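Worksheet: one structure, shown below.
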Amino acid sequence: MNLNRRNFLKWSAGAAAAACAAAACKNEAPGAAAEKRAAPAAAPKPMTAGIVPISEEERAARVEKARRLMAGNGLEAILLEGGSSMFYFTGVTWGLSERTFAWILPAKGDPAWISPKFEEDRARELVRGNPDLRTWEEDESPSKLIAGILKDRGIRTGKIGIEERLRFFIYDGVRREAPALHYASADPVTIGCRVIKSPAEIALMKLANDITIEAYKASIPAFKEGMTRAQFSEVASAAFRALGASGSIGANFGEATSFPHGSIKPRNLREGDVILMDGGTNIDGYRSDISRTIVFGKPTERQLKIWNLEKEAQAAAFKAAKPGVPCEDVDAAARQVITDAGFGPDYKVPGLPHRTGHGIGLDGHEWINLVRGNKTPMQPGMCFTNEPMIVIPGEFGVRLEDDMYITADGAKFFSQPSPSIDRPCV
């Protein structure tokens, strides 16, 4: 990394979570670094005190919006199982298994839950209020139970919305038990609700981004020649824990950075390597996704040129992101910068081989993509990653990634972009 001694000490002064882990990677006692440092670094402090989770009132408003969208799309009910959409509407987190645990939201009438009988006590701890929760024994059919709930709500004909991640065996079982019903995508409801983030959601994502930046600051000083990717990941995980969160940062070195999602080949860090990092955390389920690219040592003229071009492309995408602008225009703005520099064209490499960004929220990758052909107009409350990448096959890749959200006045970053190749975080 092209950091002089003064900057290195500045970076180190806040890297306490990484101190012991980095020392273990170097086979040194903490504080016995090859280059003597200033006074011992203070540990990063937890940043999660005072989190304001999504309120019950907001979740209730989400349900009512879902019902309005159901009416507008001719859906009598929607069916969900454990996952981000269930959590979005209900606050309930439930791991997936071969046993059906599901939630039915009818357009009219009370919602209902379906749970394995032997899990009933745990289910009742998680669901709010005094809901209609029906259970099935191991030798009974949960699909028949779901069909019965629909009949009880007066739903004998019409369309049922299936959430996009509901597994086929559940859908297929319900379809067999209720063949008179028609089944359609619930996307107009679930995406229609989730794609626009509320101020409370924006605040949680802002905190997730702030914590991720601090984890980067705490972890980057641990890089040392010969270090493995796994050793760096351990340092980063320790930094997140010290900050009060669970998160990760992965790193690739040298030519492996030209693989957008990294190479499986073992590769230790060497002097002069490009280092591409990608990581994040979640706060009350809401995620961050941040990438940084640096050089371990003094960057070459080519490395610096490509890094600066990447920064220009990221800035162009940010400038283009405004209410009413088609999402594809943001991709085009970043891609034009890279193409004008002689790369590409289109998705060819050397150049930008993937979309400029994706939606983000409760899932790390959500709707809507910043990609050619997506004419969806941006709206206030939409959240995206901004991550054009320049890939030079066989040499290196540079990706700068920050999350942003759309306001009435244009885009705003959750995290401040990297100012320079030797200053990855502000």
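For the structure tokens, the naming scheme is as follows: chains receive sequential letters (A, B, ...) according to their order of presentation, residues are indexed from 1 within each chain, and ligands are indexed from 1 in presentation order.
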Q: From a DSSP pass on the backbone, collect the residues of segment 42-147 of chain A flagged as helix (DSSP H, G or I) and hand them back as a ChimeraX atom specification.
A: /A:56-72,84-90,117-126,142-147
Export of the given selection (C-alpha atoms) as a CSV table (one decimal), in the first residue's frame:
chain,number,residue,atom,x,y,z
A,56,GLU,CA,-44.4,-2.1,14.8
A,57,GLU,CA,-46.2,0.9,13.3
A,58,GLU,CA,-44.0,0.9,10.2
A,59,ARG,CA,-44.4,-2.8,9.7
A,60,ALA,CA,-48.2,-2.4,10.0
A,61,ALA,CA,-48.0,0.3,7.4
A,62,ARG,CA,-46.0,-2.0,5.1
A,63,VAL,CA,-48.8,-4.6,5.4
A,64,GLU,CA,-51.4,-2.1,4.4
A,65,LYS,CA,-49.4,-0.9,1.4
A,66,ALA,CA,-49.0,-4.6,0.4
A,67,ARG,CA,-52.8,-5.0,0.5
A,68,ARG,CA,-53.3,-1.9,-1.7
A,69,LEU,CA,-50.8,-3.3,-4.2
A,70,MET,CA,-52.5,-6.7,-4.0
A,71,ALA,CA,-55.9,-5.1,-4.9
A,72,GLY,CA,-54.3,-3.2,-7.7
A,84,SER,CA,-36.0,-11.2,3.9
A,85,SER,CA,-39.6,-10.5,2.7
A,86,MET,CA,-41.1,-12.3,5.7
A,87,PHE,CA,-38.8,-10.3,8.0
A,88,TYR,CA,-39.7,-7.1,6.2
A,89,PHE,CA,-43.4,-7.5,6.8
A,90,THR,CA,-43.4,-9.3,10.2
A,117,LYS,CA,-46.4,-28.6,15.6
A,118,PHE,CA,-43.2,-29.4,17.5
A,119,GLU,CA,-42.0,-25.8,16.7
A,120,GLU,CA,-45.1,-24.1,17.9
A,121,ASP,CA,-43.7,-22.8,21.2
A,122,ARG,CA,-40.8,-21.1,19.4
A,123,ALA,CA,-43.1,-19.8,16.7
A,124,ARG,CA,-45.3,-18.2,19.2
A,125,GLU,CA,-42.3,-16.5,20.8
A,126,LEU,CA,-41.5,-14.9,17.5
A,142,PRO,CA,-48.7,-28.4,5.5
A,143,SER,CA,-49.9,-27.7,2.0
A,144,LYS,CA,-53.4,-28.9,3.0
A,145,LEU,CA,-53.3,-26.6,6.0
A,146,ILE,CA,-52.4,-23.7,3.7
A,147,ALA,CA,-55.2,-24.5,1.3
Name all residues at most 10 Å from Gln314 of chain A (count only C-alpha atoms; drop same-chain ones fewer than 4 positions away) and give them as an mmCIF file with C-alpha atoms, in the first residue's frame.
data_model
loop_
_atom_site.group_PDB
_atom_site.id
_atom_site.type_symbol
_atom_site.label_atom_id
_atom_site.label_comp_id
_atom_site.auth_asym_id
_atom_site.auth_seq_id
_atom_site.Cartn_x
_atom_site.Cartn_y
_atom_site.Cartn_z
ATOM 1 C CA ASN A 308 -8.032 7.204 -11.286
ATOM 2 C CA LEU A 309 -10.121 6.173 -14.291
ATOM 3 C CA GLU A 310 -12.230 3.939 -12.050
ATOM 4 C CA PHE A 318 -23.178 9.158 -9.025
ATOM 5 C CA LYS A 319 -23.728 12.408 -10.941
ATOM 6 C CA VAL A 330 -26.423 5.506 -14.702
ATOM 7 C CA ASP A 331 -24.697 2.446 -16.111
ATOM 8 C CA ALA A 333 -22.555 7.226 -17.681
ATOM 9 C CA ALA A 334 -19.944 5.090 -15.948
ATOM 10 C CA ARG A 335 -19.386 2.898 -19.004
ATOM 11 C CA VAL A 337 -15.962 7.141 -19.135
ATOM 12 C CA THR A 356 -22.550 -0.620 -12.611
ATOM 13 C CA ASN A 386 -22.199 2.246 -7.240
ATOM 14 C CA GLU A 387 -19.405 -0.078 -8.364
ATOM 15 C CA PRO A 388 -18.168 0.135 -11.923
ATOM 16 C CA MET A 389 -15.080 -2.075 -12.215
ATOM 17 C CA ARG A 399 -13.278 -1.654 -8.152
ATOM 18 C CA LEU A 400 -14.432 1.205 -5.971
ATOM 19 C CA GLU A 401 -17.832 0.535 -4.434
ATOM 20 C CA ASP A 402 -19.971 2.728 -2.241
ATOM 21 C CA PRO A 417 -15.793 7.406 -1.674
#
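Closest approach to Ser219 of chain A among A:Gly161, A:Pro46, A:Pro350, A:Gly279 is made by A:Gly279 (distances from only C-alpha atoms).
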Q: Work out how far apart atom CA of Ile170 of chain A and atom CA of Arg128 of chain A are and give it in Å to one decimal.
A: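 Result for atom CA of Ile170 of chain A versus atom CA of Arg128 of chain A: 23.7 Å, one decimal.
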Q | Neighbour list for Arg270 of chain A as a ChimeraX atom specification, cut-off 9 Å, only C-alpha atoms, skip fewer than 4 positions in-chain | A | /A:224-227,253-254,296-297
Q.
Just the number, please: distance in Å from atom CA of Ser55 of chain A to atom CA of Ile368 of chain A, one decimal.
A. 25.2 Å
Q) What does the distance between atom CA of Phe384 of chain A and atom CA of Ala341 of chain A come to in Å, to one decimal place? A)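 Computed distance, atom CA of Phe384 of chain A to atom CA of Ala341 of chain A, equals 25.2 Å.
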Q. Nearest to Asp363 of chain A among A:Phe232, A:Tyr286, A:Tyr216, A:Phe396, with distances taken over only C-alpha atoms: which residue is it?
A. A:Tyr286
Q) Between A:Arg267, A:Arg176, A:His182, A:Lys206, which one has atoms that come closest to Gln416 of chain A, using only C-alpha atoms? A)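 When distances to Gln416 of chain A are compared using only C-alpha atoms, the smallest one comes from A:Lys206.
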**Q.** Option closest in space to Lys159 of chain A, from A:Cys193, A:Ala107, A:Ile392, A:Ala77 [counting only C-alpha atoms]
**A.** A:Ala77
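Residue-level DSSP output for segment 55-180 of chain A, from the backbone, shows strand (DSSP E or B) at Leu75, Glu76, Ala77, Ile78, Leu79, Leu80, Glu81, Ala102, Trp103, Ile104, Leu105, Pro106, Ala112, Trp113, Ile114, Ser115, Pro116, Asp132, Leu133, Arg134, Thr135, Trp136, Lys159, Ile160, Gly161 and Ile162 of chain A.
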Q) Which residue, A:Pro299, A:Pro116, A:Gly192, A:Pro221, has the smallest gap to Ser97 of chain A when you use only C-alpha atoms? A)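 Among the listed residues, the smallest separation from Ser97 of chain A belongs to A:Pro116.
With only C-alpha atoms as the atoms that count, the minimum distance from Ile220 of chain A to the choices A:Gly250, A:Gly50, A:Gly158, A:Gly285 is reached by A:Gly250.
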**Q.** Selection: 10 Å around Glu98 of chain A, only C-alpha atoms, excl. self and same-chain fewer than 2 positions, as a PyMOL selection string
**A.** chain A and resi 96+100-101+167+169-170
Q | Polymer residues at most 10 Å from Pro53 of chain A, only C-alpha atoms, same-chain spacing of 3 or more positions, as a PyMOL selection string | A | chain A and resi 50+56+91+200-201+203-204+283-285
Keeping only N, CA and C atoms, write those residues as a PDB file, in the first residue's frame.
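Once written, result-v3.pdb looks like this:
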ATOM      1  N   GLY A  50     -27.840   2.187  20.831  1.00  0.00           N
ATOM      2  CA  GLY A  50     -28.883   3.126  20.433  1.00  0.00           C
ATOM      3  C   GLY A  50     -29.503   2.858  19.078  1.00  0.00           C
ATOM      4  N   GLU A  56     -43.153  -1.339  15.087  1.00  0.00           N
ATOM      5  CA  GLU A  56     -44.350  -2.113  14.770  1.00  0.00           C
ATOM      6  C   GLU A  56     -45.303  -1.296  13.893  1.00  0.00           C
ATOM      7  N   GLY A  91     -41.062  -8.944  10.887  1.00  0.00           N
ATOM      8  CA  GLY A  91     -39.986  -8.939  11.869  1.00  0.00           C
ATOM      9  C   GLY A  91     -39.560 -10.324  12.304  1.00  0.00           C
ATOM     10  N   ALA A 200     -36.334   5.326   8.326  1.00  0.00           N
ATOM     11  CA  ALA A 200     -35.804   4.392   9.328  1.00  0.00           C
ATOM     12  C   ALA A 200     -34.877   3.368   8.677  1.00  0.00           C
ATOM     13  N   GLU A 201     -35.241   2.905   7.499  1.00  0.00           N
ATOM     14  CA  GLU A 201     -34.376   1.958   6.789  1.00  0.00           C
ATOM     15  C   GLU A 201     -33.073   2.630   6.352  1.00  0.00           C
ATOM     16  N   ALA A 203     -31.592   5.068   7.797  1.00  0.00           N
ATOM     17  CA  ALA A 203     -30.750   5.271   8.981  1.00  0.00           C
ATOM     18  C   ALA A 203     -30.009   3.989   9.359  1.00  0.00           C
ATOM     19  N   LEU A 204     -30.663   2.846   9.277  1.00  0.00           N
ATOM     20  CA  LEU A 204     -30.006   1.577   9.593  1.00  0.00           C
ATOM     21  C   LEU A 204     -28.912   1.258   8.571  1.00  0.00           C
ATOM     22  N   ILE A 283     -27.200  -4.234   9.922  1.00  0.00           N
ATOM     23  CA  ILE A 283     -27.734  -3.692  11.169  1.00  0.00           C
ATOM     24  C   ILE A 283     -29.245  -3.857  11.127  1.00  0.00           C
ATOM     25  N   ASP A 284     -29.778  -4.641  12.061  1.00  0.00           N
ATOM     26  CA  ASP A 284     -31.197  -4.994  12.079  1.00  0.00           C
ATOM     27  C   ASP A 284     -31.627  -5.521  10.711  1.00  0.00           C
ATOM     28  N   GLY A 285     -30.716  -6.263  10.069  1.00  0.00           N
ATOM     29  CA  GLY A 285     -30.999  -6.873   8.781  1.00  0.00           C
ATOM     30  C   GLY A 285     -30.585  -6.048   7.577  1.00  0.00           C
TER      31      GLY A 285
END
